[in-house]
Structure formats: C-alpha cells, structure tokens
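The structure appears below as structure tokens.
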Amino acid sequence: MLYPADIRPLTGLRFVAAFWLLIYFFWERFDLGPRDAIGIVQAGNYGVDLFFILSGFVLAHVYGPQVEAKTFSWRSFVWARLARIYPLHLICLAAMVAIWAAGNLMGASFKASAFVVEQIPYHLALLHAWGLVASDGWNFPSWSISAEWFAYLTFPISFGIAALFAKRPLIGVVIMAGVFAAFVAWMAQYQIELMNMTWQGGIVRIVPSFAMGIALWLLGRNLTLPKGVAGLGVAISTIWIVMAAAWAWPSSWIWPGLAGLVFFLAETSKTNQTPLLASKTWVYLGEISFAAYMVHLPVDIAMYQIVERVMGEPKGTLALVIGIFGVVASIIAAAIAHALIEKPARNWLRANIPSFMAGKSKA
C-alpha cells in the first residue's frame with residue numbers, strides 16, 4: 001500500500017526530536033544534576049540523527065518518484081531546500097552576532113572559541129560542518145543544517161545508490177545498516193564517535209542516516225504490514241531507544257531504534273484512522289520544530305545574560321523554573337519565527353526562483 005501524500009505522523013515526530021534536543025540543551029540550566037545521570041536526557045543529542053533519517057525518508061517520498069520518472073530538476077530542488085533552511089539560519093546567525101556585539105559592549109564574557117569572526121563566512125556558506133572550521137561557533141546547532149545542505153546537494157547520488165535495491169528494498173536497508181556500521185568503525189580508527197560529530201565533519205555523520213531514510217521509504221512504499229504491526233513496531237523501537245539510553249549502550253546502538261521509529265510510524269499513516277502524532281496540534285508543533293531548534297540558543301544566551309546580571313546564577317527551584325521558562329520561550333519564539341520569517345521567506349523565495357535555478361521539479 002502506498003503512503004499518503006502527507007505522512008502526518010512524521011511531521012509530528014519532528015517535534016518529538018526537537019523537544020528531545022531542547023531538553024538536552026537546557027538540562028544543565030535546570031540545576032538537576034549532570035545530563036549523563038539520566039540516560040534518555042544524555043541521549044537527546046541523537047535527536048539530530050532522528051532528524052537526518054527523517055529527512056532522507058521525507059525527501060525520498062516527495063522527490064523519489066520524480067527521480068524515477070526522470071522529471072527531477074536538481075537545480076529547483078536545491079533552490080527549494082535553500083528556501084526552506086536559509087532565511088531562518090541567516091536571521092539566527094545575525095541574532096547571535098548582535099547578542100555577541102551587544103554583550104561585549106556591556107562587558108559580558110563569551111567563550112572565545114564559540115565566537116570566531118573569521119568563521120562567519122563558513123556559516124554564511126553553510127560549510128561549517130564540512131571539517132573546515134576549528135570549533136563549534138555562533139549559532140552552533142546550525143552545524144546540522146550545514147550537514148543537511150551537503151545531503152541536499154548530493155541527493156541524486158544517495159537516492160540513485162539506494163534505488164539500486166528498489167526491487168529488493170529489504171536488502172537495501174540491510175546494506176545501509178552495514179554502511180552505518182562501516183562509518184562507525186571508520187571514525188573509531190581516529191577515536192571519534194560518529195554520532196557525536198558536529199563541526200569536525202557533520203557531513204560524515206549524516207550520510208548513513210540520510211541514506212537509511214531513503215532505503216526505508218523504498219522498503220515501505222509498496223508494503224502493507226498486518227494490522228497492529230506498525231503500532232507494535234513503534235512501541236518496540238521506542239523501548240529500544242529508551243533502554244539503550246538508560247543503560248548507556250554505545251550511541252550506535254540507539255541508531256537502529258531511531259530508524260525503526262521512523263519506518264513504523266510512517267506505516268501507521270497507511271491504515272490507522274487516527275495515527276500517532278498526526279493530530280493538528282502535533283503537526284503544527286512539527287511544522288515549527290525547525291524554528292525551535294534554530295532559535296533556542298539565541299533565546300538561551302539572551303535570557304541568561306539578563307538573568308545573571310539581575311540576580312546572579314540561579315540555583316535550585318529558581319533555576320528549574322527559569323530553565324523551563326527557557327524551553328517554553330524557545331517554543332513561543334519558534335512559533336513567531338515560523339509565522340513571521342521562516343514561512344513567508346520560504347514561500348517568497350519559491351515563488352521567485354531565479355531563472356538559472358528553475359526546472360521542472362516543484363516542492
């Protein structure tokens with residue numbers, strides 16, 4: 001059975017991934033102890049890998065048929081993806097530069113390696129996760145957007161490789177899992193954990209996850225699971241992720257659970273009348289998830305610069321209250337940024353595609 005045009009549960013899943021990351025980022029603001037004391041919190045960093053698998057799956061769903069029908073235009077695809085990610089990236093980078101400049105004028109202290117002016121051109125060009133800079137910097141969560149940009153540029157290649165197994169998609173999924181294992185082993189040779197890579201080479205981290213997303217779409221597009229199996233798969237994948245996190249298994253062991261969660265949740269959209277994470281609320285939260293991920297650092301830094309100047313470093317219950325407020329403020333700021341910046345800019349750019357980027361493909 002084919003997937004519906006709009007796989008709504010995967011949109012809702014985007015917010016789950018974003019919220020997991022927000023808790024990871026804000027946890028130590030809560031003054032509830034170190035992140036690594038609670039496995040599922042410490043594993044929040046892997047919400048990025050969930051995004052990467054989701055991205056491969058959804059882009060294969062939207063553009064894969066065009067590639068197969070030979071109506072795909074790489075140029076218009078790239079423009080559509082740039083319109084999706086760049087306006088908010090640019091605004092958030094500008095916000096971080098403004099916060100840094102204003103803070104310096106007011107005598108605030110910043111980590112020097114996180115605000116290196118010479119790195120700004122790499123951020124503007126979305127190259128700051130390509131191993132070309134020496135540290136995380138500025139709006140550092142945007143390293144994953146730089147990695148996504150690499151995946152967008154190479155999408156025809158990754159889809160073409162995955163599509164070699166279109167007639168035997170389960171073999172394709174197994175091979176992509178093998179590619180992931182090979183990448184883990186490759187990075188281990190340099191004492192680097194693949195799923196912790198950011199500025200050092202986030203483009204390496206995204207490759208197997210993005211490719212797995214494509215392979216899972218190829219597997220599921222004509223597959224019909226027996227009733228109830230998809231929901232059971234979601235439950236088992238979730239339990240696997242929680243167990244792997246709680247028992248501090250190697251990060252690579254969490255990855256199969258992330259892939260399973262994407263696949264089985266997508267399967268629920270085929271048969272269930274009310275699939276998980278498909279309500280209007282979840283879908284809306286999923287739509288603002290990119291903004292939530294992008295704006296939380298400017299919100300955090302601006303808010304805590306003010307808080308610490310007024311009352312010093314918050315502790316105990318006060319720290320928890322302010323930390324929770326930071327998470328809520330990030331979501332509110334995301335809703336505003338989505339409505340006023342992300343969505344209008346994306347629509348305008350897609351409606352005004354330059355002639356040299358125009359093609360047959362539409363987003």
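In the structure tokens, the first chain shown is A, the next is B, and so on; residue numbers restart at 1 for each chain, and ligands run from 1 in the order shown.
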Quiz prompt | Per-residue DSSP, segment 7-223 of chain A, filtered to helix (DSSP H, G or I), as a PyMOL selection string | solution = chain A and resi 8-29+35-37+39-69+74-105+112-114+117-124+140-153+155-163+169-188+194-196+202-220
Quiz item: Residues at most 12 Å from Val58 of chain A, counting only C-alpha atoms, excluding those fewer than 2 positions away in the same chain, as number ranges by chain?
Solution: A: 3-11, 13-14, 51-56, 60-65, 159, 210-218, 221, 262-263, 266, 363
So that I have them on file, write out the residues from the current selection with N, CA and C atoms, as a short mmCIF file (atom, residue, chain, number, x, y, z; two decimals), in the first residue's frame.
```
data_model
loop_
_atom_site.label_atom_id
_atom_site.label_comp_id
_atom_site.auth_asym_id
_atom_site.auth_seq_id
_atom_site.Cartn_x
_atom_site.Cartn_y
_atom_site.Cartn_z
N TYR A 3 2.14 5.11 0.58
CA TYR A 3 1.98 6.10 1.64
C TYR A 3 1.05 7.21 1.15
N PRO A 4 0.32 7.85 2.07
CA PRO A 4 -0.45 9.04 1.67
C PRO A 4 0.51 10.16 1.27
N ALA A 5 0.02 11.11 0.52
CA ALA A 5 0.87 12.21 0.07
C ALA A 5 1.51 12.94 1.25
N ASP A 6 0.74 13.13 2.31
CA ASP A 6 1.22 13.82 3.51
C ASP A 6 1.32 12.80 4.64
N ILE A 7 2.54 12.42 4.99
CA ILE A 7 2.74 11.45 6.07
C ILE A 7 2.77 12.23 7.38
N ARG A 8 1.61 12.54 7.89
CA ARG A 8 1.47 13.44 9.03
C ARG A 8 2.19 12.97 10.30
N PRO A 9 2.21 11.67 10.61
CA PRO A 9 2.92 11.26 11.83
C PRO A 9 4.40 11.64 11.82
N LEU A 10 5.01 11.68 10.64
CA LEU A 10 6.43 12.05 10.59
C LEU A 10 6.62 13.54 10.85
N THR A 11 5.63 14.34 10.49
CA THR A 11 5.70 15.77 10.85
C THR A 11 5.63 15.93 12.36
N LEU A 13 6.54 13.72 14.50
CA LEU A 13 7.78 13.17 15.05
C LEU A 13 8.89 14.21 15.05
N ARG A 14 8.85 15.13 14.12
CA ARG A 14 9.87 16.19 14.09
C ARG A 14 9.88 16.97 15.40
N PHE A 51 16.42 13.34 13.05
CA PHE A 51 16.12 14.31 12.00
C PHE A 51 16.74 13.89 10.67
N PHE A 52 17.97 13.40 10.71
CA PHE A 52 18.65 13.02 9.47
C PHE A 52 17.94 11.87 8.77
N ILE A 53 17.53 10.86 9.54
CA ILE A 53 16.80 9.73 8.95
C ILE A 53 15.46 10.21 8.40
N LEU A 54 14.78 11.03 9.19
CA LEU A 54 13.51 11.62 8.73
C LEU A 54 13.68 12.38 7.43
N SER A 55 14.74 13.15 7.34
CA SER A 55 14.98 13.97 6.16
C SER A 55 15.13 13.11 4.92
N GLY A 56 15.94 12.05 5.02
CA GLY A 56 16.10 11.16 3.88
C GLY A 56 14.80 10.52 3.47
N ALA A 60 12.86 11.47 -0.04
CA ALA A 60 12.63 10.36 -0.98
C ALA A 60 11.15 10.25 -1.33
N HIS A 61 10.29 10.46 -0.33
CA HIS A 61 8.85 10.38 -0.55
C HIS A 61 8.37 11.48 -1.50
N VAL A 62 8.91 12.67 -1.34
CA VAL A 62 8.47 13.81 -2.15
C VAL A 62 9.11 13.79 -3.54
N TYR A 63 10.42 13.52 -3.59
CA TYR A 63 11.15 13.68 -4.84
C TYR A 63 11.54 12.37 -5.51
N GLY A 64 11.49 11.27 -4.78
CA GLY A 64 11.88 9.99 -5.36
C GLY A 64 11.13 9.64 -6.63
N PRO A 65 9.80 9.78 -6.64
CA PRO A 65 9.07 9.48 -7.88
C PRO A 65 9.51 10.35 -9.06
N PHE A 159 20.13 8.89 -3.54
CA PHE A 159 18.91 8.21 -3.97
C PHE A 159 19.23 7.17 -5.03
N PHE A 210 20.86 9.60 6.42
CA PHE A 210 20.07 10.11 5.30
C PHE A 210 19.80 8.98 4.30
N ALA A 211 20.84 8.19 4.01
CA ALA A 211 20.68 7.08 3.08
C ALA A 211 19.73 6.02 3.63
N MET A 212 19.78 5.78 4.93
CA MET A 212 18.85 4.82 5.53
C MET A 212 17.42 5.31 5.40
N GLY A 213 17.19 6.61 5.58
CA GLY A 213 15.85 7.16 5.40
C GLY A 213 15.32 6.87 4.01
N ILE A 214 16.17 7.04 2.99
CA ILE A 214 15.75 6.74 1.61
C ILE A 214 15.44 5.26 1.46
N ALA A 215 16.31 4.40 2.00
CA ALA A 215 16.11 2.95 1.89
C ALA A 215 14.82 2.52 2.57
N LEU A 216 14.51 3.12 3.71
CA LEU A 216 13.28 2.76 4.42
C LEU A 216 12.05 3.17 3.62
N TRP A 217 12.11 4.30 2.94
CA TRP A 217 10.98 4.70 2.09
C TRP A 217 10.80 3.71 0.94
N LEU A 218 11.89 3.29 0.33
CA LEU A 218 11.81 2.31 -0.75
C LEU A 218 11.22 1.00 -0.24
N ARG A 221 7.15 1.79 0.60
CA ARG A 221 6.19 2.44 -0.29
C ARG A 221 5.15 1.48 -0.88
N VAL A 262 11.08 5.78 12.74
CA VAL A 262 10.66 6.48 11.52
C VAL A 262 9.85 5.55 10.63
N PHE A 263 10.36 4.35 10.40
CA PHE A 263 9.70 3.43 9.48
C PHE A 263 8.30 3.03 9.97
N ALA A 266 5.74 5.87 10.08
CA ALA A 266 5.25 6.15 8.74
C ALA A 266 4.21 5.11 8.33
N ALA A 363 8.50 21.87 -5.14
CA ALA A 363 8.43 21.37 -3.77
C ALA A 363 7.00 21.31 -3.31
#
```
Self-check item: Spatial neighbours of Val97 of chain A, 8 Å, only C-alpha atoms, chain gap at least 4 places, as a PyMOL selection string
Solution: chain A and resi 93+101+138
Mind dumping the selected residues with all heavy atoms as a PDB file, in the first residue's frame?
```
ATOM      1  N   LEU A  93      21.811  33.505  12.798  1.00  0.00           N
ATOM      2  CA  LEU A  93      23.229  33.870  12.813  1.00  0.00           C
ATOM      3  C   LEU A  93      23.386  35.353  13.100  1.00  0.00           C
ATOM      4  O   LEU A  93      24.232  35.758  13.919  1.00  0.00           O
ATOM      5  CB  LEU A  93      23.864  33.503  11.474  1.00  0.00           C
ATOM      6  CG  LEU A  93      25.331  33.903  11.287  1.00  0.00           C
ATOM      7  CD1 LEU A  93      26.215  33.237  12.334  1.00  0.00           C
ATOM      8  CD2 LEU A  93      25.801  33.541   9.872  1.00  0.00           C
ATOM      9  N   ALA A 101      27.939  41.137  19.960  1.00  0.00           N
ATOM     10  CA  ALA A 101      28.414  42.524  19.874  1.00  0.00           C
ATOM     11  C   ALA A 101      27.863  43.356  21.030  1.00  0.00           C
ATOM     12  O   ALA A 101      28.606  44.109  21.688  1.00  0.00           O
ATOM     13  CB  ALA A 101      28.004  43.132  18.536  1.00  0.00           C
ATOM     14  N   TRP A 138      29.114  30.374  16.967  1.00  0.00           N
ATOM     15  CA  TRP A 138      27.945  31.191  16.679  1.00  0.00           C
ATOM     16  C   TRP A 138      26.676  30.421  17.006  1.00  0.00           C
ATOM     17  O   TRP A 138      26.541  29.935  18.124  1.00  0.00           O
ATOM     18  CB  TRP A 138      28.019  31.712  15.238  1.00  0.00           C
ATOM     19  CG  TRP A 138      29.265  32.539  15.047  1.00  0.00           C
ATOM     20  CD1 TRP A 138      30.423  32.170  14.428  1.00  0.00           C
ATOM     21  CD2 TRP A 138      29.510  33.855  15.575  1.00  0.00           C
ATOM     22  NE1 TRP A 138      31.373  33.163  14.517  1.00  0.00           N
ATOM     23  CE2 TRP A 138      30.839  34.218  15.217  1.00  0.00           C
ATOM     24  CE3 TRP A 138      28.744  34.773  16.305  1.00  0.00           C
ATOM     25  CZ2 TRP A 138      31.406  35.439  15.560  1.00  0.00           C
ATOM     26  CZ3 TRP A 138      29.311  35.998  16.641  1.00  0.00           C
ATOM     27  CH2 TRP A 138      30.622  36.321  16.279  1.00  0.00           C
TER      28      TRP A 138
END
```
I want to know what sits within 12 Å of Trp240 of chain A, based on only C-alpha atoms, with residues of the same chain fewer than 2 positions away left out; could you give that as a short mmCIF file (atom, residue, chain, number, x, y, z; two decimals) with C-alpha atoms, in the first residue's frame?
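The result, stored in result04.cif:
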```cif
data_model
loop_
_atom_site.label_atom_id
_atom_site.label_comp_id
_atom_site.auth_asym_id
_atom_site.auth_seq_id
_atom_site.Cartn_x
_atom_site.Cartn_y
_atom_site.Cartn_z
CA ILE A 40 17.44 9.48 27.97
CA GLY A 233 6.92 -1.60 15.80
CA VAL A 234 6.66 1.98 17.10
CA ALA A 235 6.41 0.67 20.66
CA ILE A 236 9.37 -1.71 20.29
CA SER A 237 11.53 0.97 18.63
CA THR A 238 10.71 3.44 21.42
CA VAL A 242 14.92 4.20 26.00
CA MET A 243 16.75 1.03 27.04
CA ALA A 244 19.83 1.87 25.02
CA ALA A 245 19.90 5.34 26.55
CA ALA A 246 19.12 4.25 30.13
CA TRP A 247 21.77 1.53 30.12
CA ALA A 248 24.35 3.74 28.39
CA TRP A 249 24.82 1.44 25.43
CA TRP A 253 23.10 1.00 19.28
CA ILE A 254 20.44 3.70 19.56
CA TRP A 255 20.51 4.28 15.80
CA PRO A 256 18.51 1.15 14.79
CA GLY A 257 15.76 2.25 17.16
CA LEU A 258 15.65 5.68 15.52
CA ALA A 259 15.40 4.09 12.07
CA GLY A 260 12.69 1.72 13.26
CA LEU A 261 10.72 4.56 14.82
#
```
Practice problem: For segment 319-323 of chain A, work out the shell of residues within 7 Å, counting only C-alpha atoms and skipping chain neighbours fewer than 6 positions away, then give it as number ranges by chain. | Solution: A: 26, 29-31
Sorted by chain and rising residue number, list the residues of segment 77-164 of chain A at most 10 Å from segment 334-339 of chain A (counting only C-alpha atoms), each with its closest atom pair and distance in Å to one decimal, as CSV.
```
residue,atom,partner,partner_atom,distance
A:Leu88,CA,A:Ala337,CA,7.8
A:Ile91,CA,A:Ala337,CA,9.4
A:Cys92,CA,A:Ala337,CA,9.8
```
Serialized selection, all heavy atoms, as a compact mmCIF listing (two decimals), in the first residue's frame:
```txt
# COMPACT_ATOMS: atom_id res chain seq x y z
N LEU A 88 15.92 31.44 7.94
CA LEU A 88 15.96 31.37 9.40
C LEU A 88 17.39 31.19 9.88
O LEU A 88 17.78 31.75 10.92
CB LEU A 88 15.08 30.23 9.90
CG LEU A 88 14.72 30.28 11.38
CD1 LEU A 88 14.07 31.60 11.77
CD2 LEU A 88 13.80 29.11 11.75
N ILE A 91 18.91 34.68 9.82
CA ILE A 91 18.39 35.52 10.90
C ILE A 91 18.98 35.12 12.24
O ILE A 91 19.37 35.97 13.06
CB ILE A 91 16.85 35.46 10.94
CG1 ILE A 91 16.26 36.13 9.69
CG2 ILE A 91 16.31 36.11 12.20
CD1 ILE A 91 16.55 37.62 9.58
N CYS A 92 19.05 33.81 12.50
CA CYS A 92 19.59 33.35 13.79
C CYS A 92 21.09 33.64 13.90
O CYS A 92 21.58 33.97 14.99
CB CYS A 92 19.32 31.86 13.96
SG CYS A 92 17.58 31.47 14.24
```
Self-check item: Contact residues around Ile206 of chain A with only C-alpha atoms at 8 Å, ignoring same-chain residues under 4 positions, as a list in words
Solution: Asp49, Phe52, Ala147, Glu148, Ala151, Gly202 and Phe210 of chain A
Exercise. Fewer than 6 positions away in the same chain doesn't count, so skip those; otherwise give me all residues within 9 Å of His123 of chain A, counting only C-alpha atoms, as a PyMOL selection string.
Key: chain A and resi 89-90+93+129+137-139+142-143+146
Quiz item: Hey, can you check how far atom CA of Gln119 of chain A sits from atom CA of Ser289 of chain A?
Solution: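 About the pair atom CA of Gln119 of chain A and atom CA of Ser289 of chain A: they are 26.2 Å apart.
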Quiz prompt | Counting only C-alpha atoms, the residue of A:Ser135, A:Thr271, A:Ser76, A:Gln305 that sits nearest Arg350 of chain A | solution =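 Of all the options, A:Ser76 lies closest to Arg350 of chain A.
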Quiz item: Interatomic distance between atom CA of Ile241 of chain A and atom CA of Ala185 of chain A?
Solution: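 Separating atom CA of Ile241 of chain A from atom CA of Ala185 of chain A is a distance of 21.0 Å.
Atom pair atom CA of Gly231 of chain A / atom CA of Leu276 of chain A has a distance of 8.4 Å (rounded to one decimal).
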Quiz item: Closest to Gly39 of chain A among A:Thr281, A:Pro250, A:Phe15, A:Trp186, using only C-alpha atoms?
Solution: A:Pro250
